[in-house]
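A quick write-up on the structure given underneath.
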Amino acid sequence: MANPRSLFFVSLLFLFINSGVSAVVTYNVADLGAKPDGQTDSTKAFLSAWSEACASANPSVIYVPAGRFLLRNVAFSGPCKNTAITVRIAGTLVAPTDYRVIGNAGNWLLFEHVNGVTISGGILDGQGTGLWNCKASGNSCPSGATTLGFSNSNNIIVSGVSSLNSQMFHIVINGCNNVKMQGVRVSASGRSPNTDGIHVQKSSGVTILDSKIATGDDCVSIGPGTTNLWIENIACGPGHGISIGSLGKDQQEEGVQNVTVRTATFTGTQNGVRIKSWGRPSTGFAKNILFQHAVMIDVQNPIVIDQNYCPGEKDCPGQVSGVRISDVTYQDIHGTSATEVAVKFDCSSKYPCSNITLDDVKLSYKNQAAEASCSHAGGTAEGTVQPTSCL
Ligand SMILES: *[C@@H]1O[C@H](CO)[C@@H](O)[C@H](O)[C@H]1NC(C)=O
Ligand SMILES: *[C@@H]1O[C@H](CO)[C@@H](O)[C@H](O)[C@H]1NC(C)=O
């Protein structure tokens, strides 16, 4: 076989002549020692591809061919000279079978302090079942790793990526600006613990489109400090729905603002669209939220605001939520509830929810009208609203 470096320069020259603009450089991890056998640790090869791409000023592709590539927890760190790195995955990245290897690492695959990174295609197999079983057994277990994390990064695209059986959260966007996710697939057991599909926090300008999420916790969870989030065309289930929160865990907390969830189908989920806050003091808030065009199929709590979240009744009993919730619109939400109460607004007695709008909402329970329940919630109902609004 020709020496990879000479091949590399030939392909570089070829691309350069053909494009006439800037040459795209491709780093194939297999040329750098990665093995598609699912057993050989390929972490080093991926890291060398990353450091070459990161140091280059040319648009670069890190190419992962077909096959299964075993990776330990790895951080792809910037800042980079490069602002156009595409990781193109034809095959599967596999986490170690022994969950302890990455279980305390926080993240399995982490991108941090990068600008202009695209992840395209591929399957990320977190091999989480061992850890879920450990947690179910009641033994002490590592908390588990997020499969794919982006931290303090800008201009990120995640397209056509499948995440399978993450130990903990599947994808986490933290401290980022301008992130576009499209055609993402998340798949894990409906009984897997804390395996949220996509979690966004402290980030602005995140878009999640055309994605299908089946997991054991929230399909999408939205944490403090999220602004200008757009979610459209999502299939969720099994899972806990699309959730803003939990908010108000901390006393000093950034708010959530300008979130749109449009065209979503929830099938057999615990919740549909939810806003949830701890029942304790906080500076947090959620405002300018639009839930539009949702179909609920046998969902336990299709529309819910819960401001009395207090797991284990620890650190909050007797306290009320400081989180202020306002300007929330539910528009064109139809389908079936798996419980009698299809609409539930359980707001803070100190800071009642304000300006909640129900517009064209029709939810039934066992072919009858369902019920709505309100506590400290104000707003208006427009169009057909069933169950009858309690605002
Ligand atoms: C709200 O967020 C969307 C993106 O989701 C953005 O296009 C729009 O400009 C934002 N609105 C405001 C008032 O910032
Ligand atoms: C109520 O909420 C809607 C939608 O977010 C907003 O356009 C409107 O200005 C709000 N009204 C008041 C009185 O705050």
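Just remember, in the structure tokens the first chain shown is A, the second B, etc., residues are 1-based per chain, and ligands are 1-based in the order shown.
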
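Residue neighbourhood of Gly223 in chain A, excluding near-sequence residues (fewer than 6 positions): Val200, Gln201, Ile244, Gly245, Ser246 and Leu247 of chain A, at 7 Å, using only C-alpha atoms.
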
Can you tell me which residues surround range 378-385 of chain A at a distance of at most 10 Å, considering only C-alpha atoms, apart from same-chain residues fewer than 5 positions away, and format the answer as a list of chain:residue names?
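So, after excluding close chain neighbours, the residues are A:Ser326, A:Asp327, A:Val328, A:Thr329, A:Tyr330, A:Gln331, A:Asp332, A:Ile333, A:His334, A:Phe345, A:Cys347, A:Pro352, A:Cys353, A:Ser354, A:Asn355, A:Ile356, A:Thr357, A:Leu358, A:Asp359, A:Asp360, A:Val361, A:Lys362, A:Leu363, A:Cys390, A:Leu391.
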
As a ChimeraX atom specification, please: the residues near Ser120 in chain A (cut-off 8 Å, only C-alpha atoms, same-chain neighbours under 5 positions excluded).
/A:86-89,157-161

Could you list, as a short mmCIF file (atom, residue, chain, number, x, y, z; two decimals) with N, CA and C atoms, in the first residue's frame, all protein and nucleic acid residues with an atom at most 12 Å from ligand 1, counting only C-alpha atoms and all ligand atoms?
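Result saved to out-v7.cif:
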data_model
loop_
_atom_site.label_atom_id
_atom_site.label_comp_id
_atom_site.auth_asym_id
_atom_site.auth_seq_id
_atom_site.Cartn_x
_atom_site.Cartn_y
_atom_site.Cartn_z
N ASN A 177 -23.36 28.62 21.47
CA ASN A 177 -24.14 29.52 20.62
C ASN A 177 -24.24 28.95 19.23
N ASN A 178 -25.45 29.09 18.64
CA ASN A 178 -25.65 28.67 17.27
C ASN A 178 -25.33 27.18 17.04
N VAL A 179 -26.26 26.36 17.46
CA VAL A 179 -26.12 24.91 17.30
C VAL A 179 -27.30 24.41 16.51
N LYS A 180 -27.05 23.65 15.46
CA LYS A 180 -28.15 23.10 14.69
C LYS A 180 -28.08 21.58 14.72
N SER A 203 -27.30 28.14 26.83
CA SER A 203 -26.98 28.21 25.41
C SER A 203 -28.01 29.04 24.66
N SER A 204 -27.60 29.63 23.56
CA SER A 204 -28.49 30.47 22.78
C SER A 204 -28.45 30.09 21.31
N GLY A 205 -29.60 30.17 20.64
CA GLY A 205 -29.63 29.89 19.21
C GLY A 205 -29.45 28.41 18.90
N VAL A 206 -30.08 27.56 19.69
CA VAL A 206 -30.01 26.12 19.41
C VAL A 206 -31.29 25.72 18.65
N THR A 207 -31.13 24.95 17.59
CA THR A 207 -32.24 24.46 16.78
C THR A 207 -32.20 22.94 16.73
N ILE A 208 -33.34 22.30 16.99
CA ILE A 208 -33.41 20.84 16.92
C ILE A 208 -34.54 20.49 15.95
N LEU A 209 -34.20 19.89 14.82
CA LEU A 209 -35.19 19.63 13.78
C LEU A 209 -35.27 18.14 13.43
N THR A 226 -31.12 28.97 28.98
CA THR A 226 -31.39 28.66 27.57
C THR A 226 -32.23 29.79 26.96
N THR A 227 -31.77 30.37 25.86
CA THR A 227 -32.55 31.39 25.16
C THR A 227 -32.57 31.09 23.66
N ASN A 228 -33.66 31.55 23.01
CA ASN A 228 -33.78 31.41 21.55
C ASN A 228 -33.60 29.97 21.08
N LEU A 229 -34.39 29.09 21.67
CA LEU A 229 -34.35 27.68 21.30
C LEU A 229 -35.52 27.35 20.38
N TRP A 230 -35.26 26.64 19.32
CA TRP A 230 -36.30 26.26 18.36
C TRP A 230 -36.28 24.75 18.20
N ILE A 231 -37.44 24.12 18.44
CA ILE A 231 -37.54 22.67 18.33
C ILE A 231 -38.69 22.37 17.37
N GLU A 232 -38.45 21.65 16.31
CA GLU A 232 -39.52 21.42 15.33
C GLU A 232 -39.45 20.03 14.72
N VAL A 256 -34.97 31.04 31.49
CA VAL A 256 -35.18 30.43 30.17
C VAL A 256 -36.12 31.34 29.40
N GLN A 257 -35.77 31.66 28.18
CA GLN A 257 -36.52 32.66 27.45
C GLN A 257 -36.58 32.36 25.95
N ASN A 258 -37.78 32.62 25.37
CA ASN A 258 -37.94 32.45 23.92
C ASN A 258 -37.67 31.02 23.46
N VAL A 259 -38.57 30.15 23.82
CA VAL A 259 -38.49 28.74 23.40
C VAL A 259 -39.71 28.41 22.55
N THR A 260 -39.50 27.84 21.40
CA THR A 260 -40.60 27.39 20.53
C THR A 260 -40.50 25.88 20.33
N VAL A 261 -41.60 25.20 20.61
CA VAL A 261 -41.69 23.77 20.30
C VAL A 261 -42.84 23.63 19.31
N ARG A 262 -42.54 23.26 18.08
CA ARG A 262 -43.56 23.24 17.05
C ARG A 262 -43.58 21.87 16.34
N LYS A 287 -40.00 32.44 30.38
CA LYS A 287 -40.98 33.31 29.72
C LYS A 287 -40.85 33.27 28.20
N ASN A 288 -41.95 33.71 27.55
CA ASN A 288 -42.03 33.64 26.09
C ASN A 288 -41.80 32.23 25.57
N ILE A 289 -42.72 31.37 25.94
CA ILE A 289 -42.64 29.96 25.56
C ILE A 289 -43.85 29.65 24.68
N LEU A 290 -43.61 28.99 23.55
CA LEU A 290 -44.71 28.61 22.66
C LEU A 290 -44.66 27.10 22.37
#

Can you pull out every residue within 12 Å of Lys314 in chain A, counting only C-alpha atoms, but drop anything in the same chain fewer than 5 positions away, and send it as an MDAnalysis selection string?
chainID A and resid 249 278:280 308:309 319

Next, write the just-selected residues to a file, as a compact mmCIF listing (two decimals), in the first residue's frame, keeping all heavy atoms as the atom set.
# COMPACT_ATOMS: atom_id res chain seq x y z
N LYS A 249 -33.28 24.95 40.87
CA LYS A 249 -32.54 24.10 41.82
C LYS A 249 -31.61 24.99 42.64
O LYS A 249 -31.43 24.79 43.83
CB LYS A 249 -31.74 23.05 41.05
CG LYS A 249 -31.07 22.08 41.98
CD LYS A 249 -30.59 20.83 41.26
CE LYS A 249 -30.29 19.76 42.30
NZ LYS A 249 -29.07 19.02 42.05
N TRP A 278 -38.23 23.35 40.95
CA TRP A 278 -38.12 22.94 42.35
C TRP A 278 -38.98 23.86 43.20
O TRP A 278 -39.10 25.05 42.90
CB TRP A 278 -36.67 23.03 42.82
CG TRP A 278 -35.78 21.96 42.27
CD1 TRP A 278 -35.31 21.87 40.99
CD2 TRP A 278 -35.27 20.84 42.98
NE1 TRP A 278 -34.54 20.76 40.86
CE2 TRP A 278 -34.47 20.10 42.07
CE3 TRP A 278 -35.38 20.37 44.29
CZ2 TRP A 278 -33.81 18.94 42.42
CZ3 TRP A 278 -34.71 19.21 44.66
CH2 TRP A 278 -33.94 18.50 43.73
N GLY A 279 -39.53 23.32 44.27
CA GLY A 279 -40.30 24.13 45.19
C GLY A 279 -39.39 24.77 46.23
O GLY A 279 -39.45 24.41 47.40
N ARG A 280 -38.55 25.68 45.76
CA ARG A 280 -37.68 26.39 46.71
C ARG A 280 -37.22 27.71 46.10
O ARG A 280 -37.35 27.92 44.88
CB ARG A 280 -36.52 25.53 47.15
CG ARG A 280 -35.62 25.04 46.07
CD ARG A 280 -34.70 23.98 46.68
NE ARG A 280 -33.52 23.74 45.87
CZ ARG A 280 -32.77 22.66 46.01
NH1 ARG A 280 -33.07 21.75 46.90
NH2 ARG A 280 -31.70 22.49 45.27
N ASN A 308 -43.81 22.32 42.09
CA ASN A 308 -43.57 21.73 43.42
C ASN A 308 -42.71 20.48 43.34
O ASN A 308 -42.90 19.52 44.07
CB ASN A 308 -44.92 21.41 44.08
CG ASN A 308 -45.60 22.69 44.52
OD1 ASN A 308 -45.05 23.44 45.32
ND2 ASN A 308 -46.78 22.95 43.97
N TYR A 309 -41.75 20.52 42.44
CA TYR A 309 -40.86 19.36 42.29
C TYR A 309 -39.93 19.31 43.51
O TYR A 309 -39.28 20.29 43.86
CB TYR A 309 -40.05 19.52 41.00
CG TYR A 309 -39.09 18.40 40.71
CD1 TYR A 309 -39.54 17.09 40.54
CD2 TYR A 309 -37.73 18.65 40.60
CE1 TYR A 309 -38.64 16.06 40.27
CE2 TYR A 309 -36.83 17.63 40.32
CZ TYR A 309 -37.29 16.34 40.15
OH TYR A 309 -36.41 15.32 39.88
N GLN A 319 -41.41 24.99 51.42
CA GLN A 319 -40.96 26.16 50.67
C GLN A 319 -41.75 26.26 49.36
O GLN A 319 -42.37 25.29 48.94
CB GLN A 319 -39.48 26.06 50.38
CG GLN A 319 -38.64 25.87 51.63
CD GLN A 319 -37.18 26.09 51.37
OE1 GLN A 319 -36.77 27.16 50.95
NE2 GLN A 319 -36.39 25.06 51.59
